[in-house]
file entry-v4.txt (compact mmCIF, C-alpha atoms and all ligand atoms)
# COMPACT_ATOMS: atom_id res chain seq x y z
CA MET A 25 -16.14 -17.45 11.53
CA LYS A 26 -19.15 -16.39 9.51
CA ARG A 27 -18.45 -13.52 7.10
CA PRO A 28 -18.98 -10.72 6.42
CA ILE A 29 -18.06 -9.25 9.78
CA ALA A 30 -16.87 -5.87 8.56
CA TYR A 31 -17.64 -3.61 5.61
CA VAL A 32 -15.96 -0.57 4.05
CA ALA A 33 -18.08 2.45 4.99
CA GLY A 34 -15.84 5.09 3.37
CA THR A 35 -12.50 5.65 1.67
CA GLY A 36 -10.15 8.63 1.28
CA ARG A 37 -6.71 9.67 0.11
CA GLY A 38 -4.19 12.36 0.96
CA VAL A 39 -1.55 13.10 -1.63
CA PRO A 40 1.27 15.68 -1.58
CA LYS A 41 0.88 18.63 -3.93
CA ARG A 42 4.26 18.40 -5.67
CA VAL A 43 4.50 16.16 -8.73
CA MET A 44 7.91 14.94 -9.87
CA THR A 45 8.16 13.60 -13.42
CA ASN A 46 10.73 11.13 -14.77
CA HIS A 47 12.39 14.03 -16.58
CA ASP A 48 13.03 15.77 -13.25
CA PHE A 49 15.67 13.15 -12.31
CA ALA A 50 18.05 14.71 -14.82
CA ALA A 51 18.28 17.79 -12.58
CA LEU A 52 19.57 15.54 -9.76
CA GLY A 53 22.41 14.38 -11.97
CA LEU A 54 21.09 10.81 -12.11
CA GLU A 55 21.94 8.75 -15.16
CA THR A 56 18.46 7.63 -16.07
CA SER A 57 15.79 8.45 -18.63
CA HIS A 58 12.04 8.77 -18.92
CA GLU A 59 12.10 5.96 -21.51
CA TRP A 60 14.00 3.53 -19.23
CA ILE A 61 11.68 4.14 -16.28
CA VAL A 62 8.45 3.87 -18.31
CA GLU A 63 9.55 0.77 -20.17
CA ARG A 64 10.69 -1.14 -17.06
CA THR A 65 8.07 0.04 -14.57
CA GLY A 66 5.19 1.97 -16.21
CA ILE A 67 5.90 4.93 -13.90
CA VAL A 68 5.63 8.44 -15.44
CA GLU A 69 5.44 10.63 -12.34
CA ARG A 70 5.07 10.49 -8.57
CA HIS A 71 4.06 12.86 -5.75
CA ILE A 72 6.82 14.00 -3.40
CA ALA A 73 6.00 15.39 0.05
CA SER A 74 7.33 18.69 1.40
CA ASP A 75 8.80 18.99 4.90
CA THR A 76 5.38 19.84 6.34
CA GLU A 77 3.60 17.00 4.53
CA THR A 78 4.59 14.40 7.11
CA THR A 79 3.38 10.79 7.29
CA CYS A 80 0.85 11.89 9.93
CA TYR A 81 -0.26 14.91 7.87
CA MET A 82 -0.98 12.81 4.77
CA ALA A 83 -2.67 10.15 6.92
CA ALA A 84 -4.95 12.74 8.53
CA ASP A 85 -5.88 14.13 5.11
CA ALA A 86 -6.83 10.64 3.86
CA ALA A 87 -8.59 9.77 7.12
CA ARG A 88 -10.76 12.93 7.11
CA HIS A 89 -11.99 12.16 3.60
CA ALA A 90 -12.76 8.54 4.54
CA MET A 91 -14.59 9.60 7.73
CA ALA A 92 -16.65 12.18 5.82
CA ARG A 93 -17.66 9.55 3.24
CA ALA A 94 -18.52 7.09 6.03
CA ASN A 95 -20.30 9.79 8.04
CA VAL A 96 -18.23 8.86 11.08
CA ALA A 97 -17.17 11.42 13.73
CA PRO A 98 -13.75 11.18 15.42
CA GLY A 99 -15.35 10.15 18.73
CA GLU A 100 -16.95 7.09 17.12
CA ILE A 101 -13.63 5.47 16.17
CA ASP A 102 -12.63 2.55 18.41
CA ALA A 103 -9.25 1.83 16.85
CA ILE A 104 -6.78 3.45 14.45
CA ILE A 105 -4.42 1.14 12.58
CA LEU A 106 -1.71 2.92 10.60
CA SER A 107 0.52 0.94 8.30
CA THR A 108 3.79 2.66 7.47
CA ALA A 109 7.43 2.00 6.70
CA THR A 110 8.16 5.69 7.28
CA ALA A 111 7.03 6.53 10.80
CA ASP A 112 7.49 10.22 11.58
CA ARG A 113 9.61 9.20 14.59
CA LEU A 114 10.61 5.86 16.06
CA LEU A 115 8.76 6.21 19.38
CA PRO A 116 5.85 6.43 19.92
CA ALA A 117 3.83 5.17 16.94
CA THR A 118 2.70 7.63 14.27
CA ALA A 119 -0.83 6.27 14.82
CA VAL A 120 -1.03 8.15 18.13
CA ASP A 121 -0.12 11.40 16.39
CA LEU A 122 -2.96 10.68 13.99
CA GLN A 123 -5.30 9.90 16.90
CA ALA A 124 -4.42 13.26 18.49
CA GLU A 125 -4.67 15.13 15.18
CA LEU A 126 -8.15 13.72 14.50
CA GLY A 127 -9.32 14.11 18.11
CA ALA A 128 -10.38 10.46 18.15
CA ARG A 129 -10.47 10.39 21.95
CA ARG A 130 -11.83 6.85 22.45
CA ALA A 131 -9.54 5.15 19.95
CA ALA A 132 -6.72 2.70 20.56
CA ALA A 133 -3.95 3.49 18.07
CA PHE A 134 -0.99 1.51 16.79
CA ASP A 135 1.30 1.15 13.77
CA ILE A 136 1.74 -1.92 11.61
CA SER A 137 5.09 -2.60 9.99
CA ALA A 138 4.55 -4.93 7.03
CA ALA A 139 5.92 -2.72 4.24
CA CYS A 140 3.78 -2.65 1.08
CA THR A 141 1.41 -5.31 2.45
CA GLY A 142 0.76 -3.25 5.58
CA TRP A 143 -2.69 -1.94 4.68
CA ILE A 144 -4.01 -5.41 3.80
CA TYR A 145 -2.55 -6.68 7.11
CA GLY A 146 -4.21 -3.74 8.88
CA MET A 147 -7.62 -4.43 7.30
CA THR A 148 -7.36 -8.06 8.38
CA VAL A 149 -6.44 -7.09 11.95
CA ALA A 150 -9.36 -4.63 12.00
CA GLU A 151 -11.75 -7.37 10.93
CA GLY A 152 -10.36 -9.52 13.78
CA LEU A 153 -11.00 -6.72 16.31
CA MET A 154 -14.61 -6.64 15.15
CA HIS A 155 -14.92 -10.41 15.30
CA THR A 156 -13.85 -10.43 18.96
CA GLY A 157 -16.15 -7.52 19.79
CA VAL A 158 -13.27 -5.19 20.76
CA ALA A 159 -14.22 -2.64 18.10
CA GLU A 160 -17.22 -1.56 16.02
CA THR A 161 -15.57 1.16 13.94
CA VAL A 162 -11.94 1.05 12.84
CA LEU A 163 -9.90 3.49 10.76
CA VAL A 164 -7.24 1.72 8.65
CA VAL A 165 -4.68 4.02 7.03
CA GLY A 166 -1.61 3.43 4.88
CA SER A 167 0.66 6.47 4.84
CA GLU A 168 4.16 6.57 3.39
CA LYS A 169 6.82 9.21 2.90
CA MET A 170 9.10 6.98 0.83
CA SER A 171 11.07 10.02 -0.38
CA ALA A 172 12.54 10.25 3.16
CA ILE A 173 14.06 6.74 3.10
CA VAL A 174 15.16 6.16 -0.50
CA ASP A 175 18.72 6.86 -1.59
CA TRP A 176 18.45 9.76 -4.04
CA LYS A 177 21.86 8.80 -5.42
CA ASP A 178 20.73 5.24 -6.30
CA ARG A 179 18.95 5.26 -9.67
CA SER A 180 17.89 1.63 -9.29
CA THR A 181 15.57 2.46 -6.37
CA CYS A 182 14.76 6.18 -6.09
CA VAL A 183 12.90 6.34 -9.40
CA LEU A 184 10.44 3.67 -8.22
CA PHE A 185 8.82 5.25 -5.18
CA GLY A 186 6.43 8.07 -4.30
CA ASP A 187 4.60 9.55 -1.29
CA GLY A 188 0.95 9.51 -0.25
CA ALA A 189 -1.74 8.09 2.02
CA GLY A 190 -4.98 6.17 1.66
CA ALA A 191 -7.60 5.25 4.24
CA ALA A 192 -10.76 3.26 4.85
CA VAL A 193 -13.30 3.31 7.65
CA LEU A 194 -14.42 -0.21 8.47
CA LYS A 195 -17.66 -0.79 10.33
CA ARG A 196 -19.22 -3.88 11.81
CA SER A 197 -21.62 -5.56 9.38
CA LYS A 198 -25.30 -5.98 10.19
CA PRO A 199 -26.47 -9.61 10.53
CA HIS A 200 -27.11 -11.26 7.11
CA ALA A 201 -25.53 -8.35 5.22
CA ARG A 202 -24.02 -9.31 1.84
CA GLU A 203 -21.42 -6.54 1.60
CA GLY A 204 -18.09 -6.59 3.40
CA ILE A 205 -14.87 -8.60 3.63
CA LEU A 206 -15.50 -12.02 2.04
CA SER A 207 -12.00 -13.45 2.50
CA ALA A 208 -8.51 -12.46 3.65
CA TYR A 209 -5.08 -14.04 3.40
CA MET A 210 -1.70 -13.07 4.90
CA ARG A 211 1.78 -14.61 4.63
CA SER A 212 5.45 -13.77 5.19
CA ASP A 213 8.94 -15.18 4.59
CA GLY A 214 11.61 -13.51 6.72
CA THR A 215 14.41 -15.65 5.24
CA LEU A 216 14.26 -13.19 2.30
CA ALA A 217 14.37 -10.00 4.40
CA GLU A 218 17.68 -8.79 2.96
CA LEU A 219 16.40 -8.63 -0.61
CA LEU A 220 14.56 -5.40 0.23
CA TRP A 221 15.66 -3.63 3.39
CA ARG A 222 17.33 -0.79 5.23
CA PRO A 223 20.45 -2.41 6.71
CA SER A 224 21.16 0.23 9.38
CA GLY A 225 19.59 2.94 11.47
CA GLY A 226 17.59 0.68 13.79
CA ALA A 227 18.43 -0.64 17.26
CA LYS A 228 20.84 -3.31 15.94
CA ILE A 229 23.05 -0.90 13.99
CA PRO A 230 22.14 2.59 15.23
CA PHE A 231 22.89 5.77 13.31
CA SER A 232 26.56 6.74 13.32
CA GLU A 233 29.04 8.58 11.15
CA THR A 234 29.76 5.27 9.40
CA VAL A 235 26.08 4.64 8.65
CA LEU A 236 25.69 8.13 7.23
CA GLY A 237 28.82 7.67 5.16
CA ASP A 238 27.98 4.28 3.66
CA ARG A 239 24.32 5.27 3.11
CA SER A 240 23.19 1.96 4.62
CA SER A 241 20.17 3.46 6.34
CA TYR A 242 18.49 3.93 2.97
CA VAL A 243 16.37 1.37 1.10
CA ARG A 244 18.35 -1.31 -0.73
CA MET A 245 16.75 -3.72 -3.13
CA ALA A 246 17.69 -6.67 -5.30
CA GLY A 247 15.28 -5.64 -8.07
CA ARG A 248 15.21 -8.80 -10.17
CA GLU A 249 14.79 -11.12 -7.17
CA VAL A 250 12.04 -8.92 -5.77
CA PHE A 251 10.30 -8.94 -9.14
CA LYS A 252 10.26 -12.77 -9.31
CA HIS A 253 8.98 -13.21 -5.78
CA ALA A 254 6.38 -10.46 -6.21
CA VAL A 255 4.79 -12.17 -9.21
CA ARG A 256 4.85 -15.61 -7.55
CA SER A 257 3.50 -14.40 -4.19
CA MET A 258 0.82 -12.09 -5.56
CA SER A 259 -0.39 -14.88 -7.84
CA ASP A 260 -0.56 -17.26 -4.86
CA ALA A 261 -2.37 -14.63 -2.80
CA CYS A 262 -5.01 -14.14 -5.54
CA ASP A 263 -5.69 -17.89 -5.58
CA ARG A 264 -6.01 -18.04 -1.80
CA ALA A 265 -8.40 -15.09 -1.59
CA LEU A 266 -10.57 -16.55 -4.37
CA ASP A 267 -10.59 -19.99 -2.68
CA GLY A 268 -11.45 -18.36 0.66
CA ALA A 269 -14.46 -16.58 -0.83
CA LYS A 270 -15.39 -19.58 -3.03
CA LEU A 271 -15.14 -17.37 -6.11
CA ARG A 272 -13.33 -17.55 -9.48
CA GLY A 273 -11.48 -14.89 -11.46
CA ASP A 274 -14.65 -14.37 -13.55
CA ASP A 275 -16.56 -13.34 -10.43
CA ILE A 276 -14.22 -10.42 -9.72
CA ASP A 277 -15.40 -7.02 -11.00
CA ILE A 278 -12.13 -5.22 -10.27
CA LEU A 279 -8.60 -6.22 -9.28
CA ILE A 280 -6.80 -3.58 -7.21
CA PRO A 281 -3.19 -4.74 -6.89
CA HIS A 282 -0.30 -3.11 -5.08
CA GLN A 283 1.11 -0.57 -7.53
CA ALA A 284 4.86 -1.27 -7.78
CA ASN A 285 5.43 -2.04 -11.42
CA VAL A 286 2.98 -2.43 -14.31
CA ARG A 287 4.70 -5.63 -15.45
CA ILE A 288 4.13 -7.24 -12.02
CA ILE A 289 0.49 -6.11 -12.19
CA GLU A 290 -0.01 -7.59 -15.67
CA ALA A 291 1.54 -10.93 -14.67
CA THR A 292 -0.64 -11.12 -11.55
CA ALA A 293 -3.83 -10.33 -13.47
CA LYS A 294 -3.00 -12.92 -16.11
CA HIS A 295 -2.47 -15.58 -13.46
CA ALA A 296 -5.80 -14.75 -11.80
CA ASN A 297 -7.54 -14.85 -15.19
CA ILE A 298 -8.69 -11.25 -14.86
CA PRO A 299 -8.48 -9.11 -18.05
CA MET A 300 -6.57 -5.81 -17.81
CA ASN A 301 -9.75 -3.79 -18.39
CA LYS A 302 -10.84 -5.01 -14.94
CA VAL A 303 -7.57 -4.00 -13.28
CA TYR A 304 -7.07 -0.64 -11.59
CA VAL A 305 -3.70 0.87 -12.51
CA ASN A 306 -2.37 4.23 -11.31
CA VAL A 307 1.32 3.37 -10.86
CA ASP A 308 1.97 5.70 -13.83
CA ARG A 309 0.86 8.69 -11.71
CA TYR A 310 2.05 7.68 -8.22
CA GLY A 311 4.97 5.26 -8.48
CA ASN A 312 5.17 2.81 -5.61
CA THR A 313 3.64 4.36 -2.48
CA SER A 314 4.16 1.15 -0.48
CA SER A 315 1.21 0.40 1.82
CA ALA A 316 -0.67 3.52 0.68
CA SER A 317 -0.93 2.25 -2.89
CA ILE A 318 -3.99 0.00 -2.58
CA PRO A 319 -6.12 2.42 -0.50
CA ILE A 320 -5.21 5.32 -2.81
CA ALA A 321 -6.21 3.21 -5.83
CA LEU A 322 -9.38 2.03 -4.09
CA ASP A 323 -10.39 5.61 -3.29
CA GLU A 324 -9.84 6.69 -6.89
CA ALA A 325 -11.87 3.69 -8.08
CA VAL A 326 -14.73 4.69 -5.76
CA GLU A 327 -14.55 8.31 -6.88
CA THR A 328 -14.64 7.41 -10.57
CA GLY A 329 -17.49 4.91 -10.12
CA ARG A 330 -15.42 1.83 -10.90
CA VAL A 331 -16.19 0.59 -7.39
CA LYS A 332 -19.81 1.04 -6.39
CA GLU A 333 -22.55 -0.78 -4.51
CA GLY A 334 -22.44 -4.46 -5.46
CA THR A 335 -18.85 -4.40 -6.83
CA THR A 336 -16.68 -7.37 -5.85
CA ALA A 337 -13.04 -6.28 -5.55
CA LEU A 338 -9.90 -8.38 -5.16
CA MET A 339 -6.98 -6.54 -3.54
CA VAL A 340 -3.52 -8.08 -3.46
CA ALA A 341 -0.18 -6.86 -2.11
CA PHE A 342 3.47 -7.82 -1.77
CA GLY A 343 6.33 -6.10 0.00
CA ALA A 344 9.51 -6.14 2.04
CA GLY A 345 9.80 -8.94 4.56
CA PHE A 346 8.77 -10.52 2.32
CA THR A 347 5.14 -10.09 3.22
CA TRP A 348 2.15 -10.69 0.99
CA GLY A 349 -1.59 -10.81 1.36
CA SER A 350 -4.95 -10.42 -0.29
CA MET A 351 -8.56 -9.63 0.44
CA ILE A 352 -11.90 -9.83 -1.37
CA VAL A 353 -14.43 -7.17 -0.48
CA ARG A 354 -18.00 -6.78 -1.73
CA PHE A 355 -19.08 -3.13 -1.68
N1 LIG A 401 17.81 4.22 -15.24
C1 LIG A 401 18.60 3.65 -16.15
N2 LIG A 401 19.22 2.48 -15.96
C2 LIG A 401 19.02 1.84 -14.80
C3 LIG A 401 18.18 2.37 -13.80
C4 LIG A 401 17.58 3.61 -14.04
N3 LIG A 401 16.76 4.22 -13.15
N4 LIG A 401 18.17 1.51 -12.76
C5 LIG A 401 18.96 0.47 -13.10
N5 LIG A 401 19.47 0.66 -14.32
C6 LIG A 401 20.36 -0.21 -15.08
C7 LIG A 401 21.12 -1.17 -14.21
O1 LIG A 401 22.26 -0.58 -13.66
C8 LIG A 401 21.45 -2.27 -15.18
O2 LIG A 401 22.57 -1.89 -15.91
P1 LIG A 401 23.73 -2.96 -16.26
O3 LIG A 401 23.03 -4.02 -17.07
O4 LIG A 401 24.71 -2.15 -16.99
O5 LIG A 401 24.20 -3.47 -14.91
C9 LIG A 401 20.26 -2.27 -16.13
O6 LIG A 401 19.59 -1.02 -15.95
C10 LIG A 401 19.31 -3.42 -15.88
O7 LIG A 401 19.00 -3.45 -14.50
P2 LIG A 401 18.04 -4.56 -13.92
O8 LIG A 401 17.95 -4.35 -12.44
O9 LIG A 401 18.43 -5.90 -14.41
O10 LIG A 401 16.68 -4.14 -14.63
P3 LIG A 401 15.29 -4.81 -14.55
O11 LIG A 401 14.77 -5.05 -15.89
O12 LIG A 401 15.25 -5.94 -13.57
O13 LIG A 401 14.41 -3.64 -13.92
C11 LIG A 401 13.45 -2.97 -11.83
C12 LIG A 401 14.71 -3.11 -12.65
C13 LIG A 401 12.53 -1.97 -12.51
C14 LIG A 401 13.83 -2.43 -10.45
C15 LIG A 401 12.76 -4.31 -11.74
O14 LIG A 401 13.66 -5.31 -11.33
C16 LIG A 401 11.62 -4.30 -10.79
O15 LIG A 401 10.61 -3.67 -11.03
N6 LIG A 401 11.73 -5.04 -9.67
C17 LIG A 401 10.71 -5.06 -8.67
C18 LIG A 401 10.88 -3.85 -7.86
C19 LIG A 401 9.66 -3.60 -7.06
O16 LIG A 401 8.59 -3.62 -7.57
N7 LIG A 401 9.92 -3.36 -5.79
C20 LIG A 401 8.95 -3.06 -4.91
C21 LIG A 401 8.04 -4.24 -4.67
S1 LIG A 401 7.90 -4.56 -3.05
C22 LIG A 401 7.45 -3.13 -2.44
O17 LIG A 401 6.61 -2.49 -3.01
C23 LIG A 401 8.12 -2.67 -1.23
call {"tool": "encode", "arguments": {"input": "entry-v4.txt", "output": "structure tokens"}}
result
Amino acid sequence: MKRPIAYVAGTGRGVPKRVMTNHDFAALGLETSHEWIVERTGIVERHIASDTETTCYMAADAARHAMARANVAPGEIDAIILSTATADRLLPATAVDLQAELGARRAAAFDISAACTGWIYGMTVAEGLMHTGVAETVLVVGSEKMSAIVDWKDRSTCVLFGDGAGAAVLKRSKPHAREGILSAYMRSDGTLAELLWRPSGGAKIPFSETVLGDRSSYVRMAGREVFKHAVRSMSDACDRALDGAKLRGDDIDILIPHQANVRIIEATAKHANIPMNKVYVNVDRYGNTSSASIPIALDEAVETGRVKEGTTALMVAFGAGFTWGSMIVRF
């Protein structure tokens, strides 16, 4: 396949109004501290959605900004791909709520479940739809209401996550264009699924009094194991994306990694030989917003001029599954 096939025509983000700082955990009676959280993760605050700021609501907010930037009307969208680990309901997909909300009458719409890597997976699927001629214009959104699935009594997980949405409109590239997706890479290893998971609440172990009592429908994570795999897999994914685009670390203008933990980000950048002044970091202000984290960061980078025409960006993600993936885009 001859690239680029698809380019990013516009980005957007939709973030809940309420900000929760590390100090606010004291009010929940959690034994934690601002110092512990900052030192281990780099997180200072995160946005937490209200009841009305649903996964679809945040997605629509992000999507409308991206469509305005791309100058794309709802009726022009051929497909909507929504990555989320926090669907508003289990059937049907939240993507169809978004399709209805936007009035994107011609669009196919479906969710992708690949945890924090979901938006990179979605971008890659969108590029594939363009390659086969199924779609010309695709909206790819990552929207996550992590506050609804974390255990607010578990200090080892609830301090890490936040809510929000990010979006991009992808359009089919003109022949011989230079801008667009230069390479993409996706992997998974389901043998490690239970290192970061929600044990119950699905079809295998449906909700019951027992599930509510043992809190097993909330996110559980083996933090240290996840940390090790995240660094290894994100480093591998950087190498593969660079190889795929026939580029080196020096050729990258900006690295936009999944924002889970500043120490994971630093280790990944070091491996890819990209100095920290070329790395976009906002985990301090958002925490880990799962698959929304890269498109939120990308949109901020566009808004602040760190990503502009001619910028070559490397995006890399890792998440539950485990899943991991990467993509190089020239803007
Ligand atoms: N406040 C204070 N103490 C805490 C907290 C907290 N919020 N959480 C845990 N601790 C305690 C533990 O109980 C433990 O105490 P003990 O030694 O008495 O048992 C101690 O701190 C050390 O705990 P560790 O888990 O060993 O701490 P570590 O240095 O590994 O940091 C962390 C934990 C931050 C979770 C780290 O492992 C990490 O970042 N892992 C990756 C997590 C991640 O990024 N997940 C998401 C990636 S994938 C995705 O995005 C879906």
call {"tool": "closest_atom_pairs", "arguments": {"input": "entry-v4.txt", "of": "chain A", "to": "ligand LIG 401 (chain A)", "cutoff": "8 Å", "atoms": "only C-alpha atoms and all ligand atoms", "output": "tab-separated table"}}
result
residue	atom	partner	partner_atom	distance
A:Leu54	CA	A:LIG401	N3	8.0
A:Glu55	CA	A:LIG401	N1	6.1
A:Thr56	CA	A:LIG401	N1	3.6
A:Ser57	CA	A:LIG401	N1	5.8
A:Trp60	CA	A:LIG401	C1	5.5
A:Ile61	CA	A:LIG401	N3	6.0
A:Arg64	CA	A:LIG401	C13	5.0
A:Thr65	CA	A:LIG401	C13	5.3
A:Ala139	CA	A:LIG401	C23	5.9
A:Cys140	CA	A:LIG401	C23	4.9
A:Asp178	CA	A:LIG401	N4	7.9
A:Arg179	CA	A:LIG401	N3	4.2
A:Ser180	CA	A:LIG401	N4	3.5
A:Thr181	CA	A:LIG401	C14	6.6
A:Cys182	CA	A:LIG401	N3	7.6
A:Val183	CA	A:LIG401	N3	5.8
A:Leu184	CA	A:LIG401	C14	7.3
A:Leu220	CA	A:LIG401	C23	7.1
A:Met245	CA	A:LIG401	N7	7.3
A:Ala246	CA	A:LIG401	O14	7.4
A:Gly247	CA	A:LIG401	O14	3.7
A:Arg248	CA	A:LIG401	O14	4.0
A:Glu249	CA	A:LIG401	O14	7.2
A:Val250	CA	A:LIG401	C17	5.0
A:Phe251	CA	A:LIG401	C17	3.9
A:Lys252	CA	A:LIG401	C17	7.7
A:Ala254	CA	A:LIG401	C21	6.6
A:His282	CA	A:LIG401	O17	7.2
A:Gln283	CA	A:LIG401	O17	7.4
A:Ala284	CA	A:LIG401	O16	4.4
A:Asn285	CA	A:LIG401	O16	5.2
A:Arg287	CA	A:LIG401	O15	7.6
A:Ile288	CA	A:LIG401	O16	7.3
A:Asn312	CA	A:LIG401	O17	6.1
A:Thr313	CA	A:LIG401	O17	7.5
A:Ser314	CA	A:LIG401	O17	5.1
A:Ser315	CA	A:LIG401	O17	7.8
A:Phe342	CA	A:LIG401	S1	5.6
A:Gly343	CA	A:LIG401	S1	3.8
A:Ala344	CA	A:LIG401	C23	5.0
call {"tool": "residues_around", "arguments": {"input": "entry-v4.txt", "residues": "Pro299 of chain A", "least_positions_apart": "6", "cutoff": "10 Å", "atoms": "only C-alpha atoms", "output": "PyMOL selection string"}}
result
chain A and resi 273-274+278-279+290+293
call {"tool": "write_last_selection", "arguments": {"input": "entry-v4.txt", "atoms": "C-alpha atoms", "output": "compact mmCIF listing (two decimals), in the frame of the given file"}}
result
# COMPACT_ATOMS: atom_id res chain seq x y z
CA GLY A 273 -11.48 -14.89 -11.46
CA ASP A 274 -14.65 -14.37 -13.55
CA ILE A 278 -12.13 -5.22 -10.27
CA LEU A 279 -8.60 -6.22 -9.28
CA GLU A 290 -0.01 -7.59 -15.67
CA ALA A 293 -3.83 -10.33 -13.47
call {"tool": "atom_distance", "arguments": {"input": "entry-v4.txt", "atom1": "atom CA of Lys228 of chain A", "atom2": "atom CA of Tyr242 of chain A"}}
result
15.0 Å
call {"tool": "residues_around", "arguments": {"input": "entry-v4.txt", "residues": "segment 158-168 of chain A", "least_positions_apart": "6", "cutoff": "7 Å", "atoms": "all atoms listed in the file", "output": "PyMOL selection string"}}
result
chain A and resi 79+82-83+87+100-110+143+146-147+150+187-196+313-316
call {"tool": "atom_distance", "arguments": {"input": "entry-v4.txt", "atom1": "atom CA of Phe346 of chain A", "atom2": "atom CA of Val62 of chain A"}}
result
25.2 Å
call {"tool": "residues_around", "arguments": {"input": "entry-v4.txt", "residues": "Gly225 of chain A", "least_positions_apart": "5", "cutoff": "7 Å", "atoms": "all atoms listed in the file", "output": "MDAnalysis selection string"}}
result
chainID A and resid 230:231 241
call {"tool": "atom_distance", "arguments": {"input": "entry-v4.txt", "atom1": "atom CA of Lys41 of chain A", "atom2": "atom CA of Gly66 of chain A"}}
result
21.1 Å
call {"tool": "closest_residue", "arguments": {"input": "entry-v4.txt", "among": "A:Gly226, A:Pro40, A:Gly349, A:Gly186", "to": "Ile67 of chain A", "atoms": "only C-alpha atoms"}}
result
A:Gly186
call {"tool": "residues_around", "arguments": {"input": "entry-v4.txt", "residues": "Pro281 of chain A", "least_positions_apart": "2", "cutoff": "8 Å", "atoms": "only C-alpha atoms", "output": "list in words"}}
result
Leu279, Gln283, Ile289, Val303, Tyr304, Val305, Ile318, Leu338, Met339, Val340 and Ala341 of chain A
call {"tool": "residues_near_point", "arguments": {"input": "entry-v4.txt", "point": "(5.0, 13.8, -0.1)", "cutoff": "7 Å", "atoms": "all atoms listed in the file", "output": "MDAnalysis selection string"}}
result
chainID A and resid 39:40 71:74 77 169 187:188
call {"tool": "write_last_selection", "arguments": {"input": "entry-v4.txt", "atoms": "C-alpha atoms", "output": "compact mmCIF listing (two decimals), keeping the file's coordinate frame"}}
result
# COMPACT_ATOMS: atom_id res chain seq x y z
CA VAL A 39 -1.55 13.10 -1.63
CA PRO A 40 1.27 15.68 -1.58
CA HIS A 71 4.06 12.86 -5.75
CA ILE A 72 6.82 14.00 -3.40
CA ALA A 73 6.00 15.39 0.05
CA SER A 74 7.33 18.69 1.40
CA GLU A 77 3.60 17.00 4.53
CA LYS A 169 6.82 9.21 2.90
CA ASP A 187 4.60 9.55 -1.29
CA GLY A 188 0.95 9.51 -0.25
call {"tool": "closest_residue", "arguments": {"input": "entry-v4.txt", "among": "A:Met210, A:Met154, A:Leu271, A:Leu114", "to": "Ala138 of chain A", "atoms": "all atoms listed in the file"}}
result
A:Met210
call {"tool": "closest_residue", "arguments": {"input": "entry-v4.txt", "among": "A:Lys302, A:Arg130, A:His89, A:His200", "to": "Ile320 of chain A", "atoms": "only C-alpha atoms"}}
result
A:His89
call {"tool": "residues_around", "arguments": {"input": "entry-v4.txt", "residues": "Ile352 of chain A", "least_positions_apart": "3", "cutoff": "12 Å", "atoms": "all atoms listed in the file", "output": "CSV table (one decimal) with C-alpha atoms, in the frame of the given file"}}
result
chain,number,residue,atom,x,y,z
A,27,ARG,CA,-18.4,-13.5,7.1
A,28,PRO,CA,-19.0,-10.7,6.4
A,30,ALA,CA,-16.9,-5.9,8.6
A,31,TYR,CA,-17.6,-3.6,5.6
A,32,VAL,CA,-16.0,-0.6,4.0
A,144,ILE,CA,-4.0,-5.4,3.8
A,147,MET,CA,-7.6,-4.4,7.3
A,148,THR,CA,-7.4,-8.1,8.4
A,203,GLU,CA,-21.4,-6.5,1.6
A,204,GLY,CA,-18.1,-6.6,3.4
A,205,ILE,CA,-14.9,-8.6,3.6
A,206,LEU,CA,-15.5,-12.0,2.0
A,207,SER,CA,-12.0,-13.4,2.5
A,208,ALA,CA,-8.5,-12.5,3.6
A,209,TYR,CA,-5.1,-14.0,3.4
A,261,ALA,CA,-2.4,-14.6,-2.8
A,262,CYS,CA,-5.0,-14.1,-5.5
A,263,ASP,CA,-5.7,-17.9,-5.6
A,264,ARG,CA,-6.0,-18.0,-1.8
A,265,ALA,CA,-8.4,-15.1,-1.6
A,266,LEU,CA,-10.6,-16.6,-4.4
A,267,ASP,CA,-10.6,-20.0,-2.7
A,268,GLY,CA,-11.4,-18.4,0.7
A,269,ALA,CA,-14.5,-16.6,-0.8
A,270,LYS,CA,-15.4,-19.6,-3.0
A,271,LEU,CA,-15.1,-17.4,-6.1
A,272,ARG,CA,-13.3,-17.6,-9.5
A,273,GLY,CA,-11.5,-14.9,-11.5
A,275,ASP,CA,-16.6,-13.3,-10.4
A,276,ILE,CA,-14.2,-10.4,-9.7
A,277,ASP,CA,-15.4,-7.0,-11.0
A,278,ILE,CA,-12.1,-5.2,-10.3
A,279,LEU,CA,-8.6,-6.2,-9.3
A,280,ILE,CA,-6.8,-3.6,-7.2
A,281,PRO,CA,-3.2,-4.7,-6.9
A,335,THR,CA,-18.8,-4.4,-6.8
A,336,THR,CA,-16.7,-7.4,-5.8
A,337,ALA,CA,-13.0,-6.3,-5.6
A,338,LEU,CA,-9.9,-8.4,-5.2
A,339,MET,CA,-7.0,-6.5,-3.5
A,340,VAL,CA,-3.5,-8.1,-3.5
A,349,GLY,CA,-1.6,-10.8,1.4
A,355,PHE,CA,-19.1,-3.1,-1.7
call {"tool": "closest_residue", "arguments": {"input": "entry-v4.txt", "among": "A:Ile298, A:Ala86, A:Ala131, A:Ala201", "to": "Lys26 of chain A", "atoms": "all atoms listed in the file"}}
result
A:Ala201
